[in-house]
file upload04.tsv (TSV, C-alpha atoms and all ligand atoms)
chain	number	residue	atom	x	y	z
A	9	MET	CA	261.19	-41.65	143.26
A	10	ASN	CA	262.76	-44.21	145.57
A	11	ARG	CA	263.75	-41.43	147.89
A	12	TYR	CA	260.11	-40.31	148.00
A	13	ILE	CA	258.85	-43.79	148.85
A	14	GLN	CA	261.48	-43.99	151.54
A	15	ASN	CA	260.26	-40.66	152.90
A	16	ILE	CA	256.72	-42.04	153.10
A	17	LYS	CA	258.01	-45.14	154.85
A	18	SER	CA	260.08	-43.10	157.27
A	19	GLY	CA	256.95	-40.97	157.86
A	20	LYS	CA	255.23	-44.13	159.14
A	21	ASN	CA	258.17	-44.88	161.42
A	22	LEU	CA	257.97	-41.34	162.72
A	23	LEU	CA	254.31	-41.80	163.68
A	24	ARG	CA	255.06	-45.08	165.42
A	25	ASP	CA	257.88	-43.40	167.37
A	26	LEU	CA	255.60	-40.45	168.16
A	27	PHE	CA	252.97	-42.81	169.62
A	28	ALA	CA	255.56	-44.55	171.77
A	29	LEU	CA	257.03	-41.24	172.95
A	30	THR	CA	253.58	-39.81	173.79
A	31	ALA	CA	252.66	-42.94	175.75
A	32	ILE	CA	255.88	-42.65	177.78
A	33	LEU	CA	255.28	-38.89	178.36
A	34	ILE	CA	251.71	-39.48	179.51
A	35	PHE	CA	252.93	-42.16	181.88
A	36	ILE	CA	255.66	-39.91	183.34
A	37	LEU	CA	253.24	-36.93	183.55
A	38	SER	CA	250.64	-38.97	185.38
A	39	ILE	CA	253.28	-40.00	187.96
A	40	VAL	CA	254.81	-36.51	188.35
A	41	LEU	CA	251.45	-34.68	188.52
A	42	GLN	CA	249.92	-37.50	190.54
A	43	LEU	CA	246.81	-37.51	188.32
A	44	THR	CA	243.68	-39.22	189.38
A	45	LYS	CA	242.47	-42.15	187.33
A	46	THR	CA	239.78	-39.99	185.62
A	47	GLN	CA	242.28	-37.18	184.82
A	48	PHE	CA	244.69	-39.77	183.44
A	49	LEU	CA	241.99	-41.29	181.17
A	50	GLN	CA	240.93	-37.79	180.02
A	51	LEU	CA	244.52	-36.96	179.12
A	52	VAL	CA	244.95	-40.23	177.20
A	53	LEU	CA	241.69	-39.58	175.35
A	54	ILE	CA	242.67	-36.02	174.37
A	55	VAL	CA	246.07	-37.15	173.14
A	56	ILE	CA	244.63	-40.10	171.15
A	57	CYS	CA	242.00	-37.82	169.53
A	58	THR	CA	244.63	-35.21	168.63
A	59	ILE	CA	246.89	-37.86	167.09
A	60	LEU	CA	243.98	-39.40	165.16
A	61	VAL	CA	242.96	-36.01	163.71
A	62	ALA	CA	246.60	-35.30	162.80
A	63	LEU	CA	246.81	-38.72	161.19
A	64	ILE	CA	243.68	-38.17	159.13
A	65	ILE	CA	244.91	-34.76	157.92
A	66	LEU	CA	248.34	-36.19	157.12
A	67	ARG	CA	246.89	-39.12	155.21
A	68	GLN	CA	244.63	-36.86	153.22
A	69	ARG	CA	247.61	-34.69	152.30
A	70	ARG	CA	249.67	-37.73	151.34
A	71	ASN	CA	246.82	-38.99	149.14
A	72	GLU	CA	246.56	-35.61	147.41
A	73	GLU	CA	250.32	-35.59	146.82
A	74	LEU	CA	250.30	-39.13	145.47
A	75	GLU	CA	247.40	-38.23	143.18
A	76	ALA	CA	249.31	-35.18	141.88
A	77	ILE	CA	252.40	-37.34	141.19
A	78	LYS	CA	250.23	-39.98	139.50
A	79	ASN	CA	248.68	-37.30	137.26
A	80	VAL	CA	252.09	-35.96	136.22
A	81	ILE	CA	253.39	-39.46	135.43
A	82	ASN	CA	250.23	-40.19	133.49
A	83	ALA	CA	250.59	-36.94	131.52
A	84	ILE	CA	254.20	-37.86	130.65
A	85	ARG	CA	253.19	-41.40	129.65
A	86	THR	CA	250.45	-40.14	127.33
A	87	ASN	CA	252.75	-37.50	125.79
A	88	LYS	CA	250.71	-34.58	127.13
A	89	ILE	CA	253.86	-32.92	128.44
A	90	SER	CA	256.43	-31.59	126.02
A	91	SER	CA	258.66	-29.53	128.29
A	92	PRO	CA	259.91	-30.06	131.88
A	93	ASP	CA	258.54	-26.60	132.78
A	94	GLU	CA	255.04	-28.08	132.53
A	95	ILE	CA	255.78	-30.36	135.50
A	96	ASN	CA	254.54	-28.48	138.57
A	97	LEU	CA	253.94	-30.11	141.93
A	98	ASN	CA	253.27	-28.26	145.18
A	99	LYS	CA	256.02	-26.73	147.32
A	100	ASN	CA	256.42	-29.81	149.59
A	101	LEU	CA	257.26	-31.94	146.60
A	102	VAL	CA	260.07	-29.87	145.10
A	103	GLY	CA	262.51	-32.77	145.53
A	104	ILE	CA	260.41	-35.31	143.68
A	105	GLN	CA	259.40	-32.68	141.11
A	106	GLU	CA	263.08	-32.21	140.20
A	107	GLU	CA	263.57	-35.97	140.00
A	108	ILE	CA	260.57	-36.36	137.69
A	109	LYS	CA	261.90	-33.52	135.52
A	110	ALA	CA	265.33	-35.22	135.29
A	111	MET	CA	263.67	-38.56	134.47
A	112	PHE	CA	261.51	-36.83	131.83
A	113	LEU	CA	264.54	-35.20	130.18
A	114	ARG	CA	266.47	-38.48	130.13
A	115	THR	CA	263.59	-40.43	128.64
A	116	LYS	CA	263.06	-37.69	126.07
A	117	SER	CA	266.71	-37.76	125.01
A	118	ASP	CA	266.69	-41.61	124.93
A	119	ILE	CA	263.68	-41.53	122.63
A	120	GLU	CA	265.27	-38.88	120.42
A	121	ASN	CA	268.46	-41.00	120.20
A	122	LEU	CA	266.46	-44.07	119.26
A	123	LYS	CA	264.61	-42.12	116.56
A	124	LYS	CA	267.93	-40.77	115.26
A	125	LEU	CA	269.43	-44.28	115.18
A	126	GLU	CA	266.41	-45.56	113.33
A	127	ARG	CA	266.75	-42.73	110.79
A	128	ILE	CA	270.48	-43.46	110.35
A	129	ARG	CA	269.77	-47.19	109.93
A	130	THR	CA	267.13	-46.58	107.25
A	131	GLU	CA	269.39	-44.09	105.49
A	132	PHE	CA	272.31	-46.54	105.64
A	133	LEU	CA	270.21	-49.38	104.21
A	134	GLY	CA	269.02	-47.06	101.42
A	135	ASN	CA	272.62	-46.08	100.63
A	136	VAL	CA	273.84	-49.69	100.70
A	137	SER	CA	271.11	-50.86	98.30
A	138	HIS	CA	271.83	-47.96	95.99
A	139	GLU	CA	275.60	-48.57	96.06
A	140	LEU	CA	275.13	-52.29	95.40
A	141	ARG	CA	272.68	-51.70	92.59
A	142	THR	CA	275.08	-49.51	90.58
A	143	PRO	CA	277.86	-52.07	89.93
A	144	ILE	CA	275.43	-55.00	89.70
A	145	PHE	CA	273.39	-53.22	86.98
A	146	ALA	CA	276.57	-52.30	85.11
A	147	ILE	CA	277.89	-55.90	85.21
A	148	GLN	CA	274.48	-57.19	84.16
A	149	GLY	CA	274.39	-54.70	81.25
A	150	PHE	CA	277.81	-55.74	79.92
A	151	ILE	CA	277.06	-59.47	80.22
A	152	GLU	CA	273.71	-59.07	78.45
A	153	THR	CA	275.31	-57.09	75.63
A	154	LEU	CA	278.00	-59.76	75.26
A	155	LEU	CA	275.39	-62.53	75.22
A	156	ASP	CA	273.31	-60.60	72.67
A	157	GLY	CA	276.15	-60.89	70.15
A	158	ALA	CA	278.97	-58.59	71.24
A	159	LEU	CA	280.88	-61.68	72.41
A	160	ASN	CA	281.73	-62.43	68.79
A	161	ASP	CA	282.75	-58.86	67.97
A	162	PRO	CA	286.52	-58.67	68.58
A	163	LYS	CA	286.36	-54.85	68.55
A	164	VAL	CA	284.32	-54.63	71.78
A	165	ASN	CA	284.24	-58.00	73.55
A	166	LYS	CA	287.47	-57.50	75.51
A	167	THR	CA	286.56	-53.93	76.48
A	168	PHE	CA	283.15	-55.04	77.79
A	169	LEU	CA	284.72	-57.85	79.78
A	170	GLU	CA	287.29	-55.44	81.24
A	171	LYS	CA	284.52	-53.01	82.19
A	172	ALA	CA	282.49	-55.79	83.83
A	173	ASN	CA	285.64	-56.82	85.68
A	174	HIS	CA	286.22	-53.21	86.85
A	175	HIS	CA	282.71	-53.11	88.33
A	176	THR	CA	283.23	-56.51	89.96
A	177	GLN	CA	286.30	-55.07	91.69
A	178	ASN	CA	284.26	-52.05	92.82
A	179	LEU	CA	281.65	-54.41	94.22
A	180	ASN	CA	284.35	-56.31	96.06
A	181	HIS	CA	285.77	-53.07	97.56
A	182	LEU	CA	282.29	-52.01	98.62
A	183	LEU	CA	281.55	-55.33	100.33
A	184	ASN	CA	284.90	-55.27	102.15
A	185	ASP	CA	284.33	-51.70	103.32
A	186	LEU	CA	280.78	-52.54	104.39
A	187	ILE	CA	282.03	-55.47	106.47
A	188	ASP	CA	284.66	-53.20	108.07
A	189	ILE	CA	282.28	-50.37	108.86
A	190	SER	CA	279.64	-52.68	110.33
A	191	MET	CA	282.28	-54.43	112.48
A	192	ILE	CA	283.54	-51.05	113.68
A	193	GLU	CA	280.11	-49.60	114.37
A	194	SER	CA	278.77	-52.68	116.12
A	195	GLY	CA	281.76	-52.48	118.47
A	196	GLU	CA	283.21	-55.79	117.23
A	197	MET	CA	286.49	-54.23	116.16
A	198	ARG	CA	289.13	-55.69	118.46
A	199	MET	CA	292.19	-53.51	118.82
A	200	SER	CA	295.65	-54.75	119.64
A	201	PHE	CA	297.96	-51.89	120.62
A	202	ARG	CA	301.73	-52.35	120.49
A	203	TYR	CA	304.85	-50.32	119.78
A	204	PHE	CA	306.02	-50.76	116.21
A	205	ASN	CA	308.84	-49.46	114.07
A	206	MET	CA	307.43	-46.81	111.76
A	207	LYS	CA	309.90	-47.42	108.93
A	208	GLU	CA	309.32	-51.18	108.84
A	209	PHE	CA	305.60	-50.55	108.96
A	210	LEU	CA	305.55	-47.97	106.16
A	211	ASP	CA	307.82	-49.65	103.58
A	212	PRO	CA	305.43	-52.45	102.47
A	213	ILE	CA	302.51	-49.98	102.37
A	214	ILE	CA	304.44	-47.70	100.02
A	215	ASN	CA	305.33	-50.72	97.85
A	216	GLU	CA	301.66	-51.63	97.68
A	217	CYS	CA	300.58	-48.12	96.61
A	218	LYS	CA	303.58	-47.38	94.35
A	219	HIS	CA	302.14	-49.00	91.23
A	220	GLU	CA	298.95	-46.94	91.27
A	221	ALA	CA	301.01	-43.74	91.59
A	222	GLU	CA	303.44	-44.79	88.82
A	223	HIS	CA	300.50	-45.70	86.63
A	224	LYS	CA	299.19	-42.13	86.94
A	225	GLY	CA	302.65	-40.55	86.67
A	226	ILE	CA	302.50	-39.22	90.22
A	227	GLU	CA	305.51	-39.13	92.54
A	228	LEU	CA	304.99	-40.99	95.82
A	229	ILE	CA	307.49	-39.63	98.33
A	230	VAL	CA	308.21	-40.53	101.95
A	231	ASN	CA	310.05	-37.67	103.64
A	232	PRO	CA	313.03	-38.84	105.71
A	233	PHE	CA	312.48	-39.49	109.40
A	234	LYS	CA	314.36	-41.26	112.21
A	235	ASP	CA	314.97	-44.95	111.38
A	236	LYS	CA	314.32	-46.05	114.94
A	237	LEU	CA	311.08	-44.12	115.44
A	238	GLN	CA	308.62	-46.32	117.34
A	239	LEU	CA	304.94	-45.43	117.47
A	240	PHE	CA	302.10	-46.99	119.45
A	241	GLY	CA	298.98	-48.43	117.85
A	242	ASP	CA	297.28	-51.33	116.13
A	243	ARG	CA	299.46	-52.06	113.08
A	244	ASN	CA	296.77	-53.88	111.08
A	245	LYS	CA	294.13	-51.24	111.57
A	246	LEU	CA	296.63	-48.45	110.95
A	247	LYS	CA	297.67	-50.13	107.71
A	248	GLN	CA	294.10	-49.66	106.52
A	249	VAL	CA	294.20	-45.99	107.54
A	250	PHE	CA	297.43	-45.37	105.61
A	251	ILE	CA	296.25	-47.28	102.54
A	252	ASN	CA	292.91	-45.45	102.45
A	253	LEU	CA	294.54	-42.02	102.82
A	254	ILE	CA	297.38	-42.69	100.36
A	255	GLN	CA	295.07	-44.29	97.79
A	256	ASN	CA	292.67	-41.33	98.08
A	257	ALA	CA	295.57	-38.93	97.61
A	258	ILE	CA	296.57	-40.80	94.43
A	259	LYS	CA	292.96	-41.20	93.21
A	260	TYR	CA	292.17	-37.50	93.51
A	261	THR	CA	295.45	-36.19	92.09
A	262	GLU	CA	296.04	-35.81	88.37
A	263	ARG	CA	299.61	-34.53	88.42
A	264	GLY	CA	302.29	-33.70	90.91
A	265	LYS	CA	303.09	-35.68	94.03
A	266	VAL	CA	301.82	-37.42	97.12
A	267	GLU	CA	304.00	-36.96	100.20
A	268	ILE	CA	304.01	-38.93	103.42
A	269	ILE	CA	305.50	-36.91	106.24
A	270	VAL	CA	306.24	-38.25	109.71
A	271	GLU	CA	307.07	-35.46	112.16
A	272	GLU	CA	308.45	-36.45	115.52
A	273	GLU	CA	306.94	-34.39	118.35
A	274	GLU	CA	307.59	-34.46	122.08
A	275	LYS	CA	305.13	-37.23	122.94
A	276	THR	CA	303.64	-38.06	119.55
A	277	GLY	CA	304.37	-38.68	115.91
A	278	LYS	CA	302.39	-36.50	113.52
A	279	ILE	CA	301.55	-38.22	110.24
A	280	ILE	CA	300.68	-36.09	107.26
A	281	ILE	CA	299.53	-37.32	103.85
A	282	ARG	CA	299.76	-34.43	101.45
A	283	ASP	CA	298.80	-34.29	97.78
A	284	THR	CA	298.74	-31.81	94.92
A	285	GLY	CA	295.33	-32.97	93.74
A	286	ILE	CA	291.90	-31.52	93.06
A	287	GLY	CA	291.39	-30.36	96.66
A	288	ILE	CA	288.16	-30.24	98.65
A	289	ALA	CA	285.88	-27.21	99.04
A	290	PRO	CA	285.45	-25.93	102.65
A	291	GLU	CA	281.75	-26.92	102.81
A	292	ASP	CA	282.65	-30.50	101.80
A	293	GLN	CA	285.58	-30.79	104.20
A	294	GLU	CA	283.17	-31.06	107.14
A	295	ARG	CA	281.23	-33.88	105.53
A	296	ILE	CA	283.76	-36.14	103.80
A	297	PHE	CA	284.14	-38.30	106.94
A	298	GLU	CA	280.45	-39.23	106.85
A	299	ARG	CA	279.52	-42.64	105.48
A	300	PHE	CA	278.83	-42.55	101.71
A	301	TYR	CA	279.54	-38.83	101.40
A	302	ARG	CA	281.40	-38.02	98.22
A	303	VAL	CA	282.08	-34.66	96.65
A	304	ASP	CA	281.62	-36.05	93.15
A	305	LYS	CA	279.81	-39.40	93.17
A	306	ASP	CA	280.55	-40.31	89.55
A	307	ARG	CA	284.20	-39.49	89.83
A	308	SER	CA	284.53	-41.45	93.07
A	309	ARG	CA	282.86	-44.53	91.53
A	310	GLU	CA	284.97	-44.16	88.40
A	311	VAL	CA	288.16	-44.36	90.47
A	312	GLY	CA	286.85	-47.28	92.50
A	313	GLY	CA	285.68	-45.33	95.56
A	314	THR	CA	283.03	-46.62	97.94
A	315	GLY	CA	282.40	-43.46	99.96
A	316	LEU	CA	283.29	-45.40	103.12
A	317	GLY	CA	287.09	-45.04	103.19
A	318	LEU	CA	287.30	-41.87	105.28
A	319	ALA	CA	284.54	-43.01	107.66
A	320	ILE	CA	286.66	-46.11	108.36
A	321	VAL	CA	289.79	-43.94	108.78
A	322	LYS	CA	287.98	-41.68	111.25
A	323	HIS	CA	286.76	-44.59	113.39
A	324	ILE	CA	290.17	-46.28	113.52
A	325	VAL	CA	292.07	-43.08	114.31
A	326	GLU	CA	289.55	-42.23	117.04
A	327	ALA	CA	289.99	-45.73	118.51
A	328	HIS	CA	293.64	-44.70	118.95
A	329	GLY	CA	292.50	-41.71	121.02
A	330	SER	CA	293.40	-39.37	118.19
A	331	LYS	CA	291.63	-37.30	115.54
A	332	VAL	CA	292.04	-37.13	111.79
A	333	GLU	CA	291.93	-33.65	110.32
A	334	VAL	CA	291.96	-32.17	106.86
A	335	ASN	CA	293.29	-29.02	105.32
A	336	SER	CA	292.59	-28.44	101.67
A	337	GLU	CA	292.27	-25.89	98.92
A	338	THR	CA	290.31	-26.53	95.75
A	339	GLY	CA	292.61	-26.97	92.77
A	340	LYS	CA	295.76	-26.94	94.91
A	341	GLY	CA	295.68	-30.09	97.00
A	342	SER	CA	294.83	-31.60	100.35
A	343	GLU	CA	296.50	-32.82	103.46
A	344	PHE	CA	295.15	-35.23	106.02
A	345	TRP	CA	296.87	-35.63	109.35
A	346	PHE	CA	296.62	-37.37	112.70
A	347	ARG	CA	298.89	-38.15	115.64
A	348	LEU	CA	300.00	-41.40	117.24
A	349	LYS	CA	301.52	-41.86	120.68
A	350	LYS	CA	305.29	-42.28	120.82
A	401	LIG	P1	285.74	-42.60	98.28
A	401	LIG	O1	285.74	-44.08	98.34
A	401	LIG	O2	284.64	-42.01	97.46
A	401	LIG	O3	287.08	-42.06	97.96
A	401	LIG	P2	286.18	-41.64	100.96
A	401	LIG	O4	285.34	-41.81	102.17
A	401	LIG	O5	287.54	-42.21	100.97
A	401	LIG	O6	285.32	-42.20	99.75
A	401	LIG	O7	286.28	-40.10	100.64
A	401	LIG	C1	285.09	-39.32	100.61
A	401	LIG	C2	285.20	-38.22	99.58
A	401	LIG	O8	286.18	-37.28	100.01
A	401	LIG	C3	285.66	-38.70	98.21
A	401	LIG	O9	284.58	-39.13	97.43
A	401	LIG	C4	286.30	-37.43	97.66
A	401	LIG	O10	285.31	-36.61	97.10
A	401	LIG	C5	286.85	-36.73	98.88
A	401	LIG	N1	288.31	-36.98	99.07
A	401	LIG	C6	288.88	-37.85	99.91
A	401	LIG	N2	290.22	-37.77	99.86
A	401	LIG	C7	290.51	-36.78	98.98
A	401	LIG	C8	291.72	-36.17	98.49
A	401	LIG	N3	292.90	-36.57	98.92
A	401	LIG	N4	291.60	-35.17	97.60
A	401	LIG	C9	290.39	-34.75	97.18
A	401	LIG	N5	289.21	-35.26	97.59
A	401	LIG	C10	289.27	-36.25	98.48
call {"tool": "encode", "arguments": {"input": "upload04.tsv", "output": "structure tokens", "more": "lines below"}}
Ligand code: ADP
result
Amino acid sequence: MNRYIQNIKSGKNLLRDLFALTAILIFILSIVLQLTKTQFLQLVLIVICTILVALIILRQRRNEELEAIKNVINAIRTNKISSPDEINLNKNLVGIQEEIKAMFLRTKSDIENLKKLERIRTEFLGNVSHELRTPIFAIQGFIETLLDGALNDPKVNKTFLEKANHHTQNLNHLLNDLIDISMIESGEMRMSFRYFNMKEFLDPIINECKHEAEHKGIELIVNPFKDKLQLFGDRNKLKQVFINLIQNAIKYTERGKVEIIVEEEEKTGKIIIRDTGIGIAPEDQERIFERFYRVDKDRSREVGGTGLGLAIVKHIVEAHGSKVEVNSETGKGSEFWFRLKK
């Protein structure tokens, strides 16, 4: 558009230059041809008339072109145009026509993105309210039952309190995950990349997850790798990735083992978390990294899942310039892997 306005402006400059040039030419001609005063005036008159007619025609054409552009812009503004092919200006305006088409496509995609974001926001709010309601209702139910008399029944009072406590923990996990995901998605997650020793990093994480595995009778194994292996990343954020993946592996495994494998490659370290658990069907594998997506909602809630763990993992791994991938077979087990720079 700017280019077009500039063209119009330079058109004006052209006319001014043309006038000046013609005046000089007439002057030189009158000297060379030794015109009489009358001939000179006649020549000036003819030239002025010709220029005036040309100017009028040019102006009329400009006005028609501007009107055509105005109509197209108006049609876009009032949503009368749905495809760029409907934008047709005359041959002289091919340049501006292409610019209007590009502008139309960009605006259209901006609007579509905004609509998509709005849809995602509404969906997210719906999910959050639903997820919050479930533990709150459960806690409320247990407390009401206790207050209605169960408090004095030694056969059930402790069980009800334990169940209420379990849901309180779920609520706590959910709130923590919600804070994390909103920080990540609003771009407030500050990363601090450094080299760190993989062994020193992994040991406390394994200690933290060991009890859950022992409790379920599952072996938690770290395959041997070089003591001095240094990898590059944000230790704190990566700790969350490892904990989420290892805890998932334990949560969704009934018997067998969970293995943590660190493979040293030429420029990277490949980290694999492998389990012998329930596995994930191919159609679910594509969706498990979405927020709140769970294969089995009840089971996930039962084991303290929030449906946000893998979405957080995906964001953090991507912030490291890497990608988390999954390979799984129903009934046999799953493995999640990603790479870190060495
Ligand atoms: P959740 O908090 O429900 O575990 P996640 O985002 O961590 O949420 O995982 C999403 C879903 O992916 C889980 O509900 C579960 O169905 C599936 N899943 C994740 N990890 C595993 C695994 N190791 N084995 C089987 N299923 C898994």
call {"tool": "closest_residue", "arguments": {"input": "upload04.tsv", "among": "A:Gly103, A:Ile64, A:Lys116, A:Arg295", "to": "Asn87 of chain A", "atoms": "all atoms listed in the file"}}
result
A:Lys116
call {"tool": "closest_atom_pairs", "arguments": {"input": "upload04.tsv", "of": "chain A", "to": "ligand LIG 401 (chain A)", "cutoff": "7 Å", "atoms": "only C-alpha atoms and all ligand atoms", "output": "tab-separated table"}}
result
residue	atom	partner	partner_atom	distance
A:Asn252	CA	A:LIG401	O5	6.4
A:Leu253	CA	A:LIG401	N2	6.7
A:Asn256	CA	A:LIG401	N2	4.7
A:Ala257	CA	A:LIG401	N3	3.8
A:Tyr260	CA	A:LIG401	N4	4.7
A:Thr261	CA	A:LIG401	N4	6.8
A:Asp283	CA	A:LIG401	N3	6.4
A:Gly285	CA	A:LIG401	N4	5.8
A:Ile286	CA	A:LIG401	C9	5.4
A:Gly287	CA	A:LIG401	C9	4.5
A:Ile288	CA	A:LIG401	N5	5.2
A:Ile296	CA	A:LIG401	O8	4.6
A:Phe297	CA	A:LIG401	O4	6.0
A:Arg299	CA	A:LIG401	O4	6.7
A:Phe300	CA	A:LIG401	O4	6.6
A:Tyr301	CA	A:LIG401	C1	5.6
A:Arg302	CA	A:LIG401	O9	3.5
A:Val303	CA	A:LIG401	O10	3.8
A:Asp304	CA	A:LIG401	O10	5.4
A:Lys305	CA	A:LIG401	O9	6.4
A:Ser308	CA	A:LIG401	O2	4.4
A:Arg309	CA	A:LIG401	O2	6.7
A:Gly312	CA	A:LIG401	O1	6.8
A:Gly313	CA	A:LIG401	O1	3.0
A:Thr314	CA	A:LIG401	O1	3.7
A:Gly315	CA	A:LIG401	O6	3.2
A:Leu316	CA	A:LIG401	O4	4.2
A:Gly317	CA	A:LIG401	O5	3.6
A:Leu318	CA	A:LIG401	O4	3.7
A:Ala319	CA	A:LIG401	O4	5.7
A:Gly341	CA	A:LIG401	N4	6.5
A:Ser342	CA	A:LIG401	N3	5.5
A:Glu343	CA	A:LIG401	N3	6.9
call {"tool": "write_last_selection", "arguments": {"input": "upload04.tsv", "atoms": "C-alpha atoms", "output": "mmCIF file, keeping the file's coordinate frame"}}
result
data_model
loop_
_atom_site.group_PDB
_atom_site.id
_atom_site.type_symbol
_atom_site.label_atom_id
_atom_site.label_comp_id
_atom_site.auth_asym_id
_atom_site.auth_seq_id
_atom_site.Cartn_x
_atom_site.Cartn_y
_atom_site.Cartn_z
ATOM 1 C CA ASN A 252 292.910 -45.450 102.450
ATOM 2 C CA LEU A 253 294.540 -42.020 102.820
ATOM 3 C CA ASN A 256 292.670 -41.330 98.080
ATOM 4 C CA ALA A 257 295.570 -38.930 97.610
ATOM 5 C CA TYR A 260 292.170 -37.500 93.510
ATOM 6 C CA THR A 261 295.450 -36.190 92.090
ATOM 7 C CA ASP A 283 298.800 -34.290 97.780
ATOM 8 C CA GLY A 285 295.330 -32.970 93.740
ATOM 9 C CA ILE A 286 291.900 -31.520 93.060
ATOM 10 C CA GLY A 287 291.390 -30.360 96.660
ATOM 11 C CA ILE A 288 288.160 -30.240 98.650
ATOM 12 C CA ILE A 296 283.760 -36.140 103.800
ATOM 13 C CA PHE A 297 284.140 -38.300 106.940
ATOM 14 C CA ARG A 299 279.520 -42.640 105.480
ATOM 15 C CA PHE A 300 278.830 -42.550 101.710
ATOM 16 C CA TYR A 301 279.540 -38.830 101.400
ATOM 17 C CA ARG A 302 281.400 -38.020 98.220
ATOM 18 C CA VAL A 303 282.080 -34.660 96.650
ATOM 19 C CA ASP A 304 281.620 -36.050 93.150
ATOM 20 C CA LYS A 305 279.810 -39.400 93.170
ATOM 21 C CA SER A 308 284.530 -41.450 93.070
ATOM 22 C CA ARG A 309 282.860 -44.530 91.530
ATOM 23 C CA GLY A 312 286.850 -47.280 92.500
ATOM 24 C CA GLY A 313 285.680 -45.330 95.560
ATOM 25 C CA THR A 314 283.030 -46.620 97.940
ATOM 26 C CA GLY A 315 282.400 -43.460 99.960
ATOM 27 C CA LEU A 316 283.290 -45.400 103.120
ATOM 28 C CA GLY A 317 287.090 -45.040 103.190
ATOM 29 C CA LEU A 318 287.300 -41.870 105.280
ATOM 30 C CA ALA A 319 284.540 -43.010 107.660
ATOM 31 C CA GLY A 341 295.680 -30.090 97.000
ATOM 32 C CA SER A 342 294.830 -31.600 100.350
ATOM 33 C CA GLU A 343 296.500 -32.820 103.460
#
call {"tool": "atom_distance", "arguments": {"input": "upload04.tsv", "atom1": "atom CA of Trp345 of chain A", "atom2": "atom CA of Ile254 of chain A"}}
result
11.4 Å
call {"tool": "closest_residue", "arguments": {"input": "upload04.tsv", "among": "A:Thr130, A:Ser200, A:Gln248, A:Asn165", "to": "Asn184 of chain A", "atoms": "only C-alpha atoms"}}
result
A:Gln248
call {"tool": "closest_residue", "arguments": {"input": "upload04.tsv", "among": "A:Ile226, A:Ile279, A:Ala28, A:Ala289", "to": "Glu333 of chain A", "atoms": "only C-alpha atoms"}}
result
A:Ile279
call {"tool": "residues_around", "arguments": {"input": "upload04.tsv", "residues": "Val270 of chain A", "least_positions_apart": "4", "cutoff": "10 Å", "atoms": "only C-alpha atoms", "output": "PyMOL selection string"}}
result
chain A and resi 206-207+230-234+237+277-281+345+347
call {"tool": "atom_distance", "arguments": {"input": "upload04.tsv", "atom1": "atom CA of His138 of chain A", "atom2": "atom CA of Asn121 of chain A"}}
result
25.4 Å
call {"tool": "closest_residue", "arguments": {"input": "upload04.tsv", "among": "A:Ala62, A:Met191, A:Leu348, A:Leu246", "to": "Ile213 of chain A", "atoms": "only C-alpha atoms"}}
result
A:Leu246
call {"tool": "residues_around", "arguments": {"input": "upload04.tsv", "residues": "segment 178-180 of chain A", "least_positions_apart": "2", "cutoff": "9 Å", "atoms": "all atoms listed in the file", "output": "number ranges by chain"}}
result
A: 139-140, 142-144, 173-176, 182-185, 309, 311-314
call {"tool": "atom_distance", "arguments": {"input": "upload04.tsv", "atom1": "atom CA of His323 of chain A", "atom2": "atom CA of Glu196 of chain A"}}
result
12.4 Å
call {"tool": "closest_residue", "arguments": {"input": "upload04.tsv", "among": "A:Lys124, A:His181, A:Lys109, A:Lys349", "to": "Glu273 of chain A", "atoms": "only C-alpha atoms"}}
result
A:Lys349
call {"tool": "closest_residue", "arguments": {"input": "upload04.tsv", "among": "A:Ile268, A:Ile34, A:Ile258, A:Ile56", "to": "Thr284 of chain A", "atoms": "only C-alpha atoms"}}
result
A:Ile258
